[in-house]
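Participant: target-v3.pdb (PDB, C-alpha atoms and all ligand atoms) pasted underneath:
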MODEL        1
ATOM      1  CA  GLN A   1     -23.765  13.818   0.266
ATOM      2  CA  HIS A   2     -21.684  16.998   0.013
ATOM      3  CA  PHE A   3     -20.351  16.484   3.464
ATOM      4  CA  LEU A   4     -19.202  12.982   2.598
ATOM      5  CA  PHE A   5     -17.483  14.295  -0.483
ATOM      6  CA  LEU A   6     -15.735  16.970   1.518
ATOM      7  CA  LEU A   7     -14.681  14.412   4.093
ATOM      8  CA  LYS A   8     -13.231  12.207   1.383
ATOM      9  CA  PHE A   9     -11.391  15.148  -0.109
ATOM     10  CA  VAL A  10      -9.876  16.257   3.182
ATOM     11  CA  TYR A  11      -8.969  12.658   3.877
ATOM     12  CA  MET A  12      -7.237  12.344   0.512
ATOM     13  CA  LEU A  13      -5.223  15.484   1.172
ATOM     14  CA  LEU A  14      -4.218  14.159   4.552
ATOM     15  CA  SER A  15      -3.161  10.796   3.208
ATOM     16  CA  CYS A  16      -1.195  12.307   0.356
ATOM     17  CA  SER A  17       0.912  14.278   2.762
ATOM     18  CA  THR A  18       1.691  11.230   4.875
ATOM     19  CA  MET A  19       2.394   8.601   2.290
ATOM     20  CA  TRP A  20       2.878   8.236  -1.405
ATOM     21  CA  GLY A  21       3.640   5.582  -3.973
ATOM     22  CA  PRO A  22       3.665   4.960  -7.707
ATOM     23  CA  LYS A  23       0.315   5.508  -9.443
ATOM     24  CA  VAL A  24       1.075   2.880 -12.065
ATOM     25  CA  ILE A  25       3.741   0.218 -12.114
ATOM     26  CA  SER A  26       4.339  -2.444 -14.701
ATOM     27  CA  GLY A  27       6.629  -5.299 -15.582
ATOM     28  CA  PRO A  28       6.792  -8.159 -18.046
ATOM     29  CA  GLU A  29       5.082 -11.464 -17.388
ATOM     30  CA  GLY A  30       7.170 -13.808 -15.254
ATOM     31  CA  SER A  31       9.272 -11.016 -13.778
ATOM     32  CA  SER A  32       9.507  -9.849 -10.205
ATOM     33  CA  LEU A  33       7.713  -6.578  -9.581
ATOM     34  CA  THR A  34       8.710  -4.314  -6.694
ATOM     35  CA  VAL A  35       6.379  -1.578  -5.503
ATOM     36  CA  PRO A  36       7.857   1.072  -3.198
ATOM     37  CA  CYS A  37       5.503   2.889  -0.835
ATOM     38  CA  HIS A  38       6.918   5.849   1.041
ATOM     39  CA  TYR A  39       5.736   7.278   4.333
ATOM     40  CA  ASP A  40       6.664  10.150   6.609
ATOM     41  CA  PRO A  41       8.778   9.638   9.736
ATOM     42  CA  GLY A  42       6.635   8.712  12.709
ATOM     43  CA  TRP A  43       4.832   5.802  11.077
ATOM     44  CA  GLU A  44       7.656   3.267  11.420
ATOM     45  CA  THR A  45       6.065   0.864  13.880
ATOM     46  CA  TYR A  46       2.590   0.894  12.329
ATOM     47  CA  TYR A  47       1.372  -2.128  10.381
ATOM     48  CA  LYS A  48       1.735  -1.729   6.606
ATOM     49  CA  TRP A  49      -0.480  -3.647   4.203
ATOM     50  CA  TRP A  50      -1.022  -4.437   0.508
ATOM     51  CA  CYS A  51      -4.587  -4.798  -0.652
ATOM     52  CA  GLN A  52      -6.031  -5.980  -3.967
ATOM     53  CA  GLY A  53      -9.101  -4.361  -5.522
ATOM     54  CA  ALA A  54     -10.061  -1.025  -7.029
ATOM     55  CA  ASP A  55     -12.413  -0.196  -4.200
ATOM     56  CA  TRP A  56     -10.770   0.913  -0.985
ATOM     57  CA  GLY A  57     -13.634  -0.348   1.132
ATOM     58  CA  SER A  58     -13.751  -3.877  -0.192
ATOM     59  CA  CYS A  59     -10.215  -4.660  -1.303
ATOM     60  CA  LYS A  60      -8.587  -7.854  -0.100
ATOM     61  CA  ILE A  61      -5.483  -7.596   2.083
ATOM     62  CA  LEU A  62      -2.821  -9.922   0.682
ATOM     63  CA  VAL A  63       0.070  -9.263   3.045
ATOM     64  CA  LYS A  64       0.593  -7.172   6.165
ATOM     65  CA  THR A  65       3.655  -6.370   8.251
ATOM     66  CA  THR A  66       3.736  -6.697  12.018
ATOM     67  CA  GLY A  67       5.190  -3.253  12.622
ATOM     68  CA  THR A  68       8.741  -4.555  12.329
ATOM     69  CA  GLU A  69      11.211  -4.799   9.469
ATOM     70  CA  GLN A  70      10.577  -8.531   9.216
ATOM     71  CA  GLU A  71       9.510  -9.658   5.764
ATOM     72  CA  VAL A  72       6.052 -11.210   5.510
ATOM     73  CA  LYS A  73       5.383 -13.617   2.649
ATOM     74  CA  LYS A  74       2.221 -15.122   1.294
ATOM     75  CA  GLY A  75       2.487 -17.103  -1.901
ATOM     76  CA  ARG A  76       4.138 -14.986  -4.577
ATOM     77  CA  VAL A  77       3.629 -11.769  -2.654
ATOM     78  CA  SER A  78       5.825 -10.365   0.072
ATOM     79  CA  ILE A  79       6.048  -7.118   2.019
ATOM     80  CA  ARG A  80       8.947  -5.590   3.877
ATOM     81  CA  ASP A  81       9.243  -2.357   5.810
ATOM     82  CA  ASN A  82      12.422  -0.323   6.082
ATOM     83  CA  HIS A  83      12.233   1.945   9.116
ATOM     84  CA  THR A  84      15.365   3.945   8.284
ATOM     85  CA  GLU A  85      14.362   4.638   4.683
ATOM     86  CA  HIS A  86      10.655   5.068   5.526
ATOM     87  CA  ILE A  87       9.702   2.816   2.653
ATOM     88  CA  PHE A  88       7.829  -0.434   2.593
ATOM     89  CA  THR A  89       8.175  -2.518  -0.500
ATOM     90  CA  ILE A  90       5.859  -5.101  -1.923
ATOM     91  CA  THR A  91       7.262  -7.749  -4.222
ATOM     92  CA  ILE A  92       5.144  -9.807  -6.580
ATOM     93  CA  LYS A  93       7.106 -12.738  -7.951
ATOM     94  CA  LYS A  94       6.509 -14.394 -11.316
ATOM     95  CA  LEU A  95       4.117 -11.705 -12.455
ATOM     96  CA  ARG A  96       1.012 -13.119 -14.136
ATOM     97  CA  GLU A  97      -1.668 -11.655 -16.344
ATOM     98  CA  ASP A  98      -4.285 -11.988 -13.628
ATOM     99  CA  ASP A  99      -2.148  -9.882 -11.261
ATOM    100  CA  GLU A 100      -3.157  -6.905 -13.370
ATOM    101  CA  ASP A 101      -5.451  -4.943 -11.086
ATOM    102  CA  PHE A 102      -5.755  -1.955  -8.812
ATOM    103  CA  TYR A 103      -4.109  -2.298  -5.428
ATOM    104  CA  TRP A 104      -3.630  -0.164  -2.352
ATOM    105  CA  CYS A 105      -0.591   0.139  -0.161
ATOM    106  CA  GLY A 106      -1.548   1.355   3.225
ATOM    107  CA  ILE A 107      -0.805   1.934   6.864
ATOM    108  CA  GLU A 108      -3.096   0.613   9.563
ATOM    109  CA  ARG A 109      -3.959   3.198  12.169
ATOM    110  CA  PHE A 110      -6.670   4.084  14.627
ATOM    111  CA  LEU A 111     -10.091   4.825  13.059
ATOM    112  CA  THR A 112      -9.052   5.228   9.413
ATOM    113  CA  ASP A 113      -6.154   3.631   7.626
ATOM    114  CA  LEU A 114      -3.946   5.558   5.255
ATOM    115  CA  GLY A 115      -3.610   4.357   1.705
ATOM    116  CA  VAL A 116      -2.610   5.116  -1.850
ATOM    117  CA  GLN A 117      -3.852   3.380  -4.957
ATOM    118  CA  VAL A 118      -1.400   1.626  -7.240
ATOM    119  CA  LYS A 119      -2.263   0.168 -10.622
ATOM    120  CA  VAL A 120      -0.306  -2.918 -11.546
ATOM    121  CA  SER A 121      -0.133  -3.758 -15.226
ATOM    122  CA  LEU A 122       1.883  -6.067 -17.427
TER     123      LEU A 122
HETATM  124  C1  LIG B   1      17.005  -0.231   4.877
HETATM  125  O1  LIG B   1      17.635   0.561   3.909
HETATM  126  C2  LIG B   1      18.998   0.841   4.210
HETATM  127  C3  LIG B   1      19.523   1.802   3.167
HETATM  128  O2  LIG B   1      19.281   1.340   1.863
HETATM  129  C4  LIG B   1      19.784  -0.459   4.263
HETATM  130  O3  LIG B   1      21.124  -0.201   4.592
HETATM  131  C5  LIG B   1      19.163  -1.387   5.298
HETATM  132  O4  LIG B   1      19.811  -2.636   5.275
HETATM  133  C6  LIG B   1      17.679  -1.577   5.006
HETATM  134  N1  LIG B   1      17.063  -2.366   6.066
HETATM  135  C7  LIG B   1      16.377  -3.476   5.827
HETATM  136  C8  LIG B   1      15.798  -4.141   7.004
HETATM  137  O5  LIG B   1      16.203  -3.917   4.691
ENDMDL
END
Kindly return the structure encoded in the file as structure tokens.
Ligand SMILES: *[C@@H]1O[C@H](CO)[C@@H](O)[C@H](O)[C@H]1NC(C)=O
Facilitator:
Amino acid sequence: QHFLFLLKFVYMLLSCSTMWGPKVISGPEGSSLTVPCHYDPGWETYYKWWCQGADWGSCKILVKTTGTEQEVKKGRVSIRDNHTEHIFTITIKKLREDDEDFYWCGIERFLTDLGVQVKVSL
């Protein structure tokens, strides 16, 4: 139990130093919301994803990049990575009330992904 907690803590520290994003982001209904997620140099070609759900373990991945700067779209949600700026941005179009939730922006890597939680509200 304590070991798991420690592991989680160390993991959080590690992920904070590698990537960061807004804790809370909000916009009016019907607007386009853009969420910037920053990462350190070295992670450019890794797959970046956007996941819906408060729980890291069971959230649902909505969009994922292919390690390139190509935009990936699924419905109202899109994701785009910028390798020179070290930012990937998620855009939610026509923001709706039921978009209000906890999300994670993350980087897929070997063994454990990196991720930061973002709360989207209207
Ligand atoms: C990345 O950001 C830079 C600086 O803002 C910009 O010039 C470039 O066009 C962007 N690349 C993509 C693929 O959006």
Participant: Compile the contact shell of Asp40 of chain A as a list in words: residues with an atom at most 9 Å away, counting all atoms listed in the file, same-chain residues fewer than 4 positions apart removed.
Facilitator: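 Here the qualifying residues turn out to be Ser17, Thr18, Met19, Glu44, His86 and Ile87 of chain A.
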Participant: Please extract the residues at most 6 Å from ligand LIG 1 (chain B), counting all atoms listed in the file, and provide them as a PyMOL selection string, using the chain letters and residue numbers of this document.
Facilitator: chain A and resi 69+82+84-85
Participant: Using only C-alpha atoms, pick whichever of A:Leu114, A:Leu62, A:Val120, A:Ile107 has the shortest atom-to-atom distance to Tyr46 of chain A.
Facilitator: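 Looking only at the distances to Tyr46 of chain A, the closest residue turns out to be A:Ile107.
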Participant: Distance atom CA of Val35 of chain A-atom CA of Tyr47 of chain A, one decimal place?
Facilitator: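 Value for the atom CA of Val35 of chain A-atom CA of Tyr47 of chain A distance: 16.7 Å.
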Participant: Just the residues within 6 Å of Thr91 of chain A, please, counting all atoms listed in the file, with nothing from its chain fewer than 2 positions along; format it as a list in words.
Facilitator: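 Listing them by chain and then by number gives Leu33, Thr34, Val77 and Ser78 of chain A.
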Participant: Since we have the selection now, will you write its residues out, keeping C-alpha atoms, as a short mmCIF file (atom, residue, chain, number, x, y, z; two decimals), keeping the file's coordinate frame?
Facilitator:
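Dumped everything to selection_17.cif:
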data_model
loop_
_atom_site.label_atom_id
_atom_site.label_comp_id
_atom_site.auth_asym_id
_atom_site.auth_seq_id
_atom_site.Cartn_x
_atom_site.Cartn_y
_atom_site.Cartn_z
CA LEU A 33 7.71 -6.58 -9.58
CA THR A 34 8.71 -4.31 -6.69
CA VAL A 77 3.63 -11.77 -2.65
CA SER A 78 5.82 -10.36 0.07
#
Participant: Restricting the calculation to all atoms listed in the file, which member of A:Lys93, A:Asp101, A:Val118, A:Phe110 is positioned closest to Ser32 of chain A?
Facilitator: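 Using all atoms listed in the file, Ser32 of chain A sits closest to A:Lys93.
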